[in-house]
>>> print(open('structure_11.txt').read())   # compact mmCIF, C-alpha atoms
# COMPACT_ATOMS: atom_id res chain seq x y z
CA MET T 216 -10.82 17.65 8.28
CA ARG T 217 -14.15 17.56 6.43
CA LYS T 218 -12.42 19.03 3.37
CA VAL T 219 -9.72 16.32 3.56
CA ALA T 220 -12.36 13.57 3.78
CA LEU T 221 -14.25 14.98 0.81
CA LEU T 222 -11.00 15.21 -1.19
CA LEU T 223 -10.13 11.57 -0.43
CA ALA T 224 -13.62 10.45 -1.43
CA ALA T 225 -13.43 12.40 -4.70
CA VAL T 226 -10.01 10.96 -5.57
CA LEU T 227 -11.20 7.41 -4.83
CA PHE T 228 -14.35 7.91 -6.94
CA VAL T 229 -12.41 9.26 -9.92
CA ALA T 230 -9.79 6.50 -9.66
CA VAL T 231 -12.14 3.54 -9.33
CA LEU T 232 -14.96 4.61 -11.68
CA PRO T 233 -13.08 4.29 -15.00
CA LEU T 234 -11.48 1.03 -13.90
CA SER T 235 -14.84 -0.43 -12.94
CA ALA T 236 -16.39 0.75 -16.17
CA GLN T 237 -13.60 -0.83 -18.15
CA SER T 238 -13.89 -4.15 -16.32
CA GLY T 239 -17.66 -4.20 -16.91
CA LYS T 240 -17.40 -4.05 -20.71
CA LYS T 241 -18.30 -7.26 -22.52
CA LYS T 242 -16.96 -7.96 -25.97
CA LYS T 243 -18.06 -10.67 -28.33
CA SER T 244 -14.76 -12.42 -28.85
CA ILE T 245 -13.07 -15.66 -28.07
CA ASP T 246 -11.01 -15.72 -24.89
CA LEU T 247 -7.75 -17.47 -25.67
CA ASP T 248 -5.47 -18.84 -22.97
CA GLU T 249 -2.54 -17.46 -24.90
CA GLU T 250 -2.29 -13.90 -26.18
CA PHE T 251 -1.39 -15.10 -29.68
CA PHE T 252 -3.66 -15.88 -32.58
CA HIS T 253 -3.06 -19.03 -34.64
CA LEU T 254 -4.59 -19.54 -38.10
CA PRO T 255 -5.69 -23.04 -39.01
CA ASP T 256 -3.90 -25.00 -41.71
CA SER T 257 -6.75 -24.29 -44.13
CA VAL T 258 -8.15 -20.74 -44.22
CA THR T 259 -11.51 -20.37 -45.99
CA ASP T 260 -13.78 -17.40 -46.67
CA ASP T 261 -16.38 -18.83 -44.31
CA TYR T 262 -13.79 -19.05 -41.53
CA LEU T 263 -12.75 -15.42 -42.03
CA ASP T 264 -16.36 -14.21 -42.06
CA ASN T 265 -17.50 -16.03 -38.91
CA THR T 266 -14.47 -16.07 -36.59
CA PRO T 267 -14.26 -13.07 -34.23
CA LEU T 268 -10.87 -11.65 -33.45
CA PRO T 269 -9.52 -12.35 -29.96
CA LYS T 270 -9.84 -9.47 -27.52
CA LYS T 271 -6.77 -7.41 -26.82
CA ALA T 272 -5.16 -8.66 -23.62
CA ARG T 273 -3.60 -6.08 -21.35
CA ILE T 274 -0.45 -6.66 -19.34
CA ASN T 275 -1.24 -7.59 -15.74
CA ASP T 276 -4.71 -6.01 -15.66
CA TYR T 277 -6.43 -7.72 -12.75
CA TRP T 278 -7.95 -7.36 -9.24
CA ILE T 279 -6.62 -8.71 -5.95
CA VAL T 280 -8.07 -8.62 -2.43
CA GLY T 281 -6.31 -9.63 0.76
CA VAL T 282 -5.30 -9.13 4.37
CA HIS T 283 -2.01 -8.10 5.94
CA GLY T 284 -0.47 -7.92 9.41
CA GLY T 285 2.76 -6.92 11.10
CA VAL T 286 4.38 -4.46 13.47
CA SER T 287 4.78 -0.67 13.40
CA VAL T 288 7.56 1.56 14.72
CA GLN T 289 6.81 5.06 16.00
CA HIS T 290 9.31 7.91 16.01
CA GLY T 291 7.91 11.42 15.53
CA TYR T 292 9.59 14.81 15.20
CA PHE T 293 9.20 17.73 17.57
CA ASN T 294 9.75 21.44 17.91
CA PRO T 295 11.57 22.30 20.09
CA PRO T 296 13.76 19.28 19.20
CA ARG T 297 13.60 16.27 21.50
CA THR T 298 15.70 13.11 21.70
CA VAL T 299 13.32 10.45 20.40
CA SER T 300 13.85 6.68 20.18
CA PHE T 301 12.04 4.10 18.06
CA TYR T 302 8.90 2.80 19.73
CA PRO T 303 7.50 -0.53 18.39
CA ASN T 304 3.82 -1.44 18.68
CA LYS T 305 1.75 -4.38 17.44
CA PRO T 306 -0.31 -5.77 15.93
CA VAL T 307 -0.80 -3.80 12.74
CA TRP T 308 -3.45 -5.40 10.53
CA GLY T 309 -5.63 -4.44 7.62
CA VAL T 310 -7.54 -5.35 4.46
CA SER T 311 -7.32 -3.90 0.97
CA ILE T 312 -8.40 -4.33 -2.64
CA THR T 313 -6.13 -3.44 -5.57
CA ARG T 314 -6.82 -2.90 -9.25
CA PHE T 315 -3.85 -3.24 -11.60
CA ALA T 316 -4.31 -1.55 -14.96
CA THR T 317 -2.62 -0.11 -18.05
CA MET T 318 -2.96 3.67 -17.97
CA MET T 319 -4.03 5.26 -21.27
CA ASN T 320 -3.20 1.99 -23.05
CA THR T 321 0.45 3.01 -22.75
CA PHE T 322 1.82 2.62 -19.22
CA PRO T 323 1.51 -0.96 -17.91
CA ASN T 324 2.20 -2.30 -14.43
CA LEU T 325 0.30 0.40 -12.54
CA GLY T 326 -2.46 0.05 -9.99
CA MET T 327 -4.63 1.64 -7.31
CA GLU T 328 -5.09 0.22 -3.79
CA VAL T 329 -7.74 1.24 -1.27
CA GLY T 330 -8.04 -0.27 2.19
CA PHE T 331 -8.42 -0.09 5.95
CA GLN T 332 -5.64 -0.51 8.52
CA HIS T 333 -5.40 -0.67 12.31
CA ASN T 334 -2.20 1.19 13.19
CA TYR T 335 -0.45 3.14 15.95
CA GLU T 336 1.10 6.57 16.51
CA GLY T 337 3.16 7.86 19.39
CA TYR T 338 6.59 8.72 20.79
CA ARG T 339 9.20 7.68 23.34
CA PHE T 340 11.95 9.99 24.65
CA LYS T 341 15.46 8.71 25.25
CA GLU T 342 17.18 8.88 28.59
CA TYR T 343 20.39 10.90 28.60
CA GLU T 344 23.02 11.78 31.20
CA MET T 345 24.22 15.25 32.14
CA GLU T 346 26.75 16.07 34.85
CA GLY T 347 26.38 12.62 36.37
CA HIS T 348 22.58 12.74 36.48
CA LYS T 349 20.12 10.95 34.21
CA TYR T 350 17.34 12.92 32.60
CA ARG T 351 14.39 12.14 30.38
CA GLN T 352 12.28 14.68 28.56
CA ASP T 353 8.50 14.50 28.92
CA ILE T 354 5.22 16.00 27.79
CA ASP T 355 2.77 16.64 30.62
CA GLY T 356 4.90 14.33 32.78
CA ALA T 357 4.82 11.45 30.25
CA TYR T 358 8.03 10.35 28.56
CA GLU T 359 6.22 7.95 26.23
CA ALA T 360 2.75 7.66 24.72
CA TYR T 361 1.07 5.59 22.04
CA MET T 362 -2.33 5.84 20.36
CA GLU T 363 -4.41 3.34 18.40
CA VAL T 364 -5.35 4.73 15.00
CA PRO T 365 -7.88 3.07 12.67
CA GLU T 366 -7.20 4.54 9.24
CA VAL T 367 -8.07 4.32 5.56
CA PHE T 368 -5.58 4.73 2.73
CA LEU T 369 -5.46 5.26 -1.01
CA LEU T 370 -2.22 4.26 -2.72
CA THR T 371 -0.94 4.30 -6.28
CA HIS T 372 1.05 1.21 -7.24
CA GLY T 373 3.94 0.61 -9.56
CA HIS T 374 5.28 -2.91 -9.96
CA VAL T 375 7.99 -4.62 -11.96
CA ASP T 376 7.82 -8.36 -12.63
CA MET T 377 11.23 -9.89 -11.99
CA GLY T 378 10.19 -13.27 -13.37
CA GLN T 379 7.19 -15.52 -13.55
CA PHE T 380 6.74 -15.64 -9.77
CA VAL T 381 8.39 -12.52 -8.29
CA LYS T 382 7.67 -8.80 -8.53
CA VAL T 383 8.76 -5.58 -6.81
CA ASN T 384 6.05 -3.17 -5.62
CA LEU T 385 6.36 0.58 -5.10
CA LYS T 386 3.50 2.44 -3.37
CA ALA T 387 2.70 6.09 -2.66
CA GLY T 388 -0.47 7.86 -1.56
CA VAL T 389 -2.46 9.40 1.28
CA PHE T 390 -4.07 8.19 4.51
CA GLY T 391 -6.55 9.47 7.06
CA GLY T 392 -7.45 8.15 10.51
CA TYR T 393 -8.78 8.87 13.99
CA ARG T 394 -6.79 8.48 17.22
CA THR T 395 -9.03 6.39 19.48
CA ASN T 396 -7.15 5.19 22.59
CA ILE T 397 -4.09 6.69 24.25
CA THR T 398 -1.70 5.35 26.90
CA ARG T 399 0.86 7.64 28.59
CA SER T 400 3.73 6.49 30.82
CA GLY T 401 5.91 8.48 33.19
CA PRO T 402 6.60 9.07 36.88
CA ARG T 403 4.95 12.51 36.90
CA VAL T 404 2.03 12.06 34.54
CA ASP T 405 -1.38 13.08 35.90
CA PRO T 406 -3.47 9.89 36.50
CA ALA T 407 -6.45 11.68 34.95
CA ILE T 408 -4.77 11.72 31.50
CA VAL T 409 -2.95 8.36 31.56
CA ASN T 410 -5.68 6.85 29.37
CA ALA T 411 -7.56 9.98 28.31
CA PHE T 412 -7.17 12.68 25.68
CA LYS T 413 -6.94 16.33 26.75
CA ASP T 414 -8.82 19.20 25.17
CA THR T 415 -5.64 20.31 23.42
CA ASP T 416 -4.95 16.86 21.89
CA ILE T 417 -5.82 16.43 18.20
CA ARG T 418 -7.72 13.24 17.40
CA TRP T 419 -7.79 13.34 13.58
CA SER T 420 -4.71 12.06 11.76
CA TYR T 421 -3.80 12.38 8.07
CA GLY T 422 -0.76 12.62 5.82
CA VAL T 423 1.20 10.85 3.10
CA GLN T 424 2.31 7.24 2.96
CA GLY T 425 4.73 5.28 0.80
CA GLY T 426 6.45 1.94 0.73
CA LEU T 427 8.44 -0.74 -1.02
CA GLY T 428 7.56 -4.41 -1.21
CA LEU T 429 8.38 -7.81 -2.63
CA GLY T 430 5.63 -10.01 -4.05
CA LEU T 431 5.54 -13.76 -4.60
CA MET T 432 2.95 -14.69 -7.26
CA LEU T 433 1.60 -18.23 -7.01
CA ASP T 434 -1.53 -17.74 -9.13
CA PRO T 435 -4.20 -17.27 -7.92
CA VAL T 436 -2.55 -16.43 -4.56
CA GLU T 437 0.07 -13.73 -3.93
CA VAL T 438 2.21 -13.14 -0.83
CA HIS T 439 3.58 -9.61 -0.30
CA LEU T 440 6.24 -8.42 2.13
CA ASN T 441 5.87 -4.64 2.53
CA VAL T 442 7.79 -1.87 4.28
CA GLN T 443 5.87 1.39 4.62
CA VAL T 444 6.66 4.88 5.93
CA LYS T 445 4.02 7.38 7.10
CA TRP T 446 4.55 11.12 7.45
CA GLY T 447 1.72 12.65 9.46
CA TRP T 448 0.52 16.19 8.84
CA SER T 449 -1.62 16.42 11.97
CA SER T 450 0.19 17.33 15.21
CA PHE T 451 -0.39 15.29 18.38
CA TYR T 452 -1.56 18.45 20.12
CA GLN T 453 -2.54 21.98 19.22
CA PRO T 454 0.57 23.89 18.10
CA ASP T 455 1.10 26.92 20.28
CA VAL T 456 3.59 29.61 21.14
CA ALA T 457 5.03 28.21 24.36
CA SER T 458 7.68 30.91 24.57
CA PRO T 459 8.91 33.93 22.58
CA TYR T 460 11.63 31.73 21.01
CA TYR T 461 9.94 28.67 19.48
CA TYR T 462 6.70 27.28 18.04
CA ARG T 463 5.59 24.06 19.77
CA PHE T 464 4.38 21.10 17.68
CA ALA T 465 4.81 17.33 17.36
CA TYR T 466 4.13 15.31 14.20
CA PRO T 467 4.10 11.52 13.73
CA LEU T 468 6.75 9.83 11.62
CA ASP T 469 6.15 6.09 11.57
CA GLY T 470 7.14 2.92 9.79
CA ALA T 471 5.68 -0.58 9.52
CA VAL T 472 6.65 -4.02 8.25
CA THR T 473 3.74 -6.20 7.14
CA LEU T 474 3.17 -9.55 5.46
CA GLY T 475 0.06 -9.92 3.33
CA VAL T 476 -1.81 -12.73 1.56
CA TYR T 477 -3.91 -11.76 -1.48
CA TYR T 478 -6.27 -13.59 -3.81
CA GLN T 479 -6.55 -12.76 -7.52
CA LEU T 480 -10.20 -12.01 -8.27
CA THR T 481 -9.47 -12.01 -11.99
CA LYS T 482 -6.83 -13.79 -14.01
CA ARG T 483 -3.45 -12.10 -14.20
CA ARG T 484 -2.44 -11.53 -17.81
CA GLY T 485 0.94 -10.93 -19.36
CA HIS T 486 4.11 -12.79 -20.25
CA THR T 487 7.58 -12.73 -18.77
CA ARG T 488 10.69 -13.47 -20.80
CA GLY T 489 10.76 -16.98 -19.36
CA SER T 490 7.15 -17.71 -20.32
CA LEU T 491 7.73 -16.29 -23.82
CA ARG T 492 10.73 -18.62 -24.30
CA GLN T 493 8.63 -21.57 -23.15
CA LEU T 494 5.85 -20.58 -25.53
CA ALA T 495 8.31 -20.24 -28.42
CA ARG T 496 9.76 -23.69 -27.73
CA ARG T 497 6.29 -25.20 -27.63
CA MET T 498 5.30 -23.54 -30.91
CA VAL T 499 8.46 -24.82 -32.63
CA THR T 500 7.87 -28.31 -31.25
CA GLU T 501 4.27 -28.30 -32.50
CA GLU T 502 5.36 -27.20 -35.97
CA MET T 503 7.99 -29.93 -36.10
CA GLU T 504 5.43 -32.53 -35.09
CA LYS T 505 3.06 -31.30 -37.81
CA GLU T 506 5.81 -31.59 -40.42
CA GLN T 507 6.62 -35.13 -39.27
CA ASP T 508 2.94 -36.11 -39.47
CA LYS T 509 2.78 -34.84 -43.05
CA GLU T 510 5.78 -36.97 -44.04
>>> encode(input="structure_11.txt", output="C-alpha cells")
Amino acid sequence: MRKVALLLAAVLFVAVLPLSAQSGKKKKSIDLDEEFFHLPDSVTDDYLDNTPLPKKARINDYWIVGVHGGVSVQHGYFNPPRTVSFYPNKPVWGVSITRFATMMNTFPNLGMEVGFQHNYEGYRFKEYEMEGHKYRQDIDGAYEAYMEVPEVFLLTHGHVDMGQFVKVNLKAGVFGGYRTNITRSGPRVDPAIVNAFKDTDIRWSYGVQGGLGLGLMLDPVEVHLNVQVKWGWSSFYQPDVASPYYYRFAYPLDGAVTLGVYYQLTKRRGHTRGSLRQLARRMVTEEMEKEQDKE
C-alpha cells in the first residue's frame, strides 16, 4: 500500500505543479472583460508604442472549491458467486478543489480534481427460497456488513458547456482509503466481531473511480449533480484457497449520488454561442450609434 500512496502523491505533484506555475505567472498587459481587442477611432504612433497587447485568454481556465453530499449504494462481487443486493448507506460527504485548464494550448475543457470523501463499503446477501425453505448466504455468520471509509481521490475532468449556464462533466481517476468502522448483522455472527475487524480483514482500500455529472453555472457559484461508480481493487478479506475448486475473494463495487456546491476562486473565461451572438449584436449596435453620432 505504501507504493500506491507514493504513486498517488507523485501523480498529484506532477499534475498540480505545472498548473500552479502557470497560474502564478504575471504578465504586463491590460485585462479586458471581453476577449476581443478594439482599436480606437484614431490610431497614432504613440498609441501603438505604449499600449500593451491584451493577454491571451484561455477557455474556461479557472479554479473551483466546494463541498458535496449524498448517498452511496454498496454491491460488491464475490468468488464463489453470491446473490448480492444493493445496500444503501448515508451520508456521503466530501470536499474538493478543481483546476480547469487547456492542455498543451490545444485541448480545452479539461481539469484535475483532488479531494477528500467520507464513504462506505460493504455487502448484503439476498434471501432466496429452495424446496420451500428460505436461505440466506453469510460470511462468518453475517449476511450483511458495512464499513466507513475515509478516502482521498484524484480525478481527471472533461466537461462540455451546453450553454451559458449548463455543462456536462465526465470524471475518471483513482482513490485510496482506510476502512475504519465495521458493522455486521446476522443471526449467527459471533458477538466478538459484530463491530470489530478480524486479523484476516483488509483495512486499506483503493481502486478506480469514474462518474458523470450535470453542472449549473451561476458565476461565481456552481451546483453539480454527480453520479459516481467505484471499482475496488482491495478485497474485504485475505483471498485464500477455501477448497480445491475455487479461490475465495470479495471486492467492493459501489455507486454514489451526490449534490455539490462550488465557488469559483478565479473568473471563468470563455464564450458560448449565445454569448458570442449577444456580443456581436452589441458591437453592431455600438457601430450604428457611432455612425448616427457622426451624421
>>> residues_around(input="structure_11.txt", residues="T:Arg403", least_positions_apart="6", cutoff="8 Å", atoms="all atoms listed in the file", output="CSV table (one decimal) with C-alpha atoms, keeping the file's coordinate frame")
chain,number,residue,atom,x,y,z
T,355,ASP,CA,2.8,16.6,30.6
T,356,GLY,CA,4.9,14.3,32.8
T,357,ALA,CA,4.8,11.4,30.2
>>> closest_residue(input="structure_11.txt", among="T:Arg483, T:His290, T:Arg394, T:Arg339", to="T:Trp278", atoms="only C-alpha atoms")
T:Arg483
>>> closest_atom_pairs(input="structure_11.txt", of="stretch 372-394 of chain T", to="stretch 418-431 of chain T", cutoff="8 Å", atoms="only C-alpha atoms", output="Markdown table")
| residue | atom | partner | partner_atom | distance |
| --- | --- | --- | --- | --- |
| T:Phe380 | CA | T:Leu431 | CA | 5.6 |
| T:Val381 | CA | T:Leu431 | CA | 4.8 |
| T:Lys382 | CA | T:Gly430 | CA | 5.1 |
| T:Val383 | CA | T:Leu429 | CA | 4.8 |
| T:Asn384 | CA | T:Gly428 | CA | 4.8 |
| T:Leu385 | CA | T:Leu427 | CA | 4.8 |
| T:Lys386 | CA | T:Gly426 | CA | 5.1 |
| T:Ala387 | CA | T:Gly425 | CA | 4.1 |
| T:Gly388 | CA | T:Gln424 | CA | 5.3 |
| T:Val389 | CA | T:Val423 | CA | 4.3 |
| T:Phe390 | CA | T:Tyr421 | CA | 5.5 |
| T:Gly391 | CA | T:Tyr421 | CA | 4.1 |
| T:Gly392 | CA | T:Ser420 | CA | 4.9 |
| T:Tyr393 | CA | T:Trp419 | CA | 4.6 |
| T:Arg394 | CA | T:Arg418 | CA | 4.9 |
>>> closest_residue(input="structure_11.txt", among="T:His333, T:His283, T:His372, T:Lys341", to="T:Ala316", atoms="only C-alpha atoms")
T:His372
>>> atom_distance(input="structure_11.txt", atom1="atom CA of T:Asp508", atom2="atom CA of T:Ala495")
20.1 Å
>>> residues_around(input="structure_11.txt", residues="T:Val409", least_positions_apart="3", cutoff="6 Å", atoms="all atoms listed in the file", output="ChimeraX atom specification")
/T:398-399,406
>>> atom_distance(input="structure_11.txt", atom1="atom CA of T:Tyr466", atom2="atom CA of T:Gln453")
10.7 Å
>>> atom_distance(input="structure_11.txt", atom1="atom CA of T:Val307", atom2="atom CA of T:His439")
14.9 Å
>>> residues_near_point(input="structure_11.txt", point="(7.6, 7.4, 12.3)", cutoff="12 Å", atoms="only C-alpha atoms", output="VMD selection string")
chain T and resid 287 to 293 299 to 304 334 to 339 361 422 to 424 443 to 448 465 to 471
>>> closest_residue(input="structure_11.txt", among="T:Gly401, T:Thr321, T:Phe412, T:Glu437", to="T:Arg351", atoms="all atoms listed in the file")
T:Gly401
>>> axis_aligned_box(input="structure_11.txt", around="stretch 429-438 of chain T", padding_each_side="6 Å", output="AutoDock Vina command-line options")
--center_x 2.1 --center_y -13.0 --center_z -5.0 --size_x 24.6 --size_y 22.4 --size_z 20.3
>>> closest_residue(input="structure_11.txt", among="T:Ile279, T:Met362, T:Leu440, T:Lys413", to="T:Gly475", atoms="only C-alpha atoms")
T:Leu440
>>> closest_residue(input="structure_11.txt", among="T:Arg496, T:Thr298, T:Ile408, T:Arg314", to="T:Tyr350", atoms="only C-alpha atoms")
T:Thr298
>>> residues_near_point(input="structure_11.txt", point="(-0.9, 25.4, 15.8)", cutoff="12 Å", atoms="all atoms listed in the file", output="PyMOL selection string")
chain T and resi 294+415-417+448-457+461-466
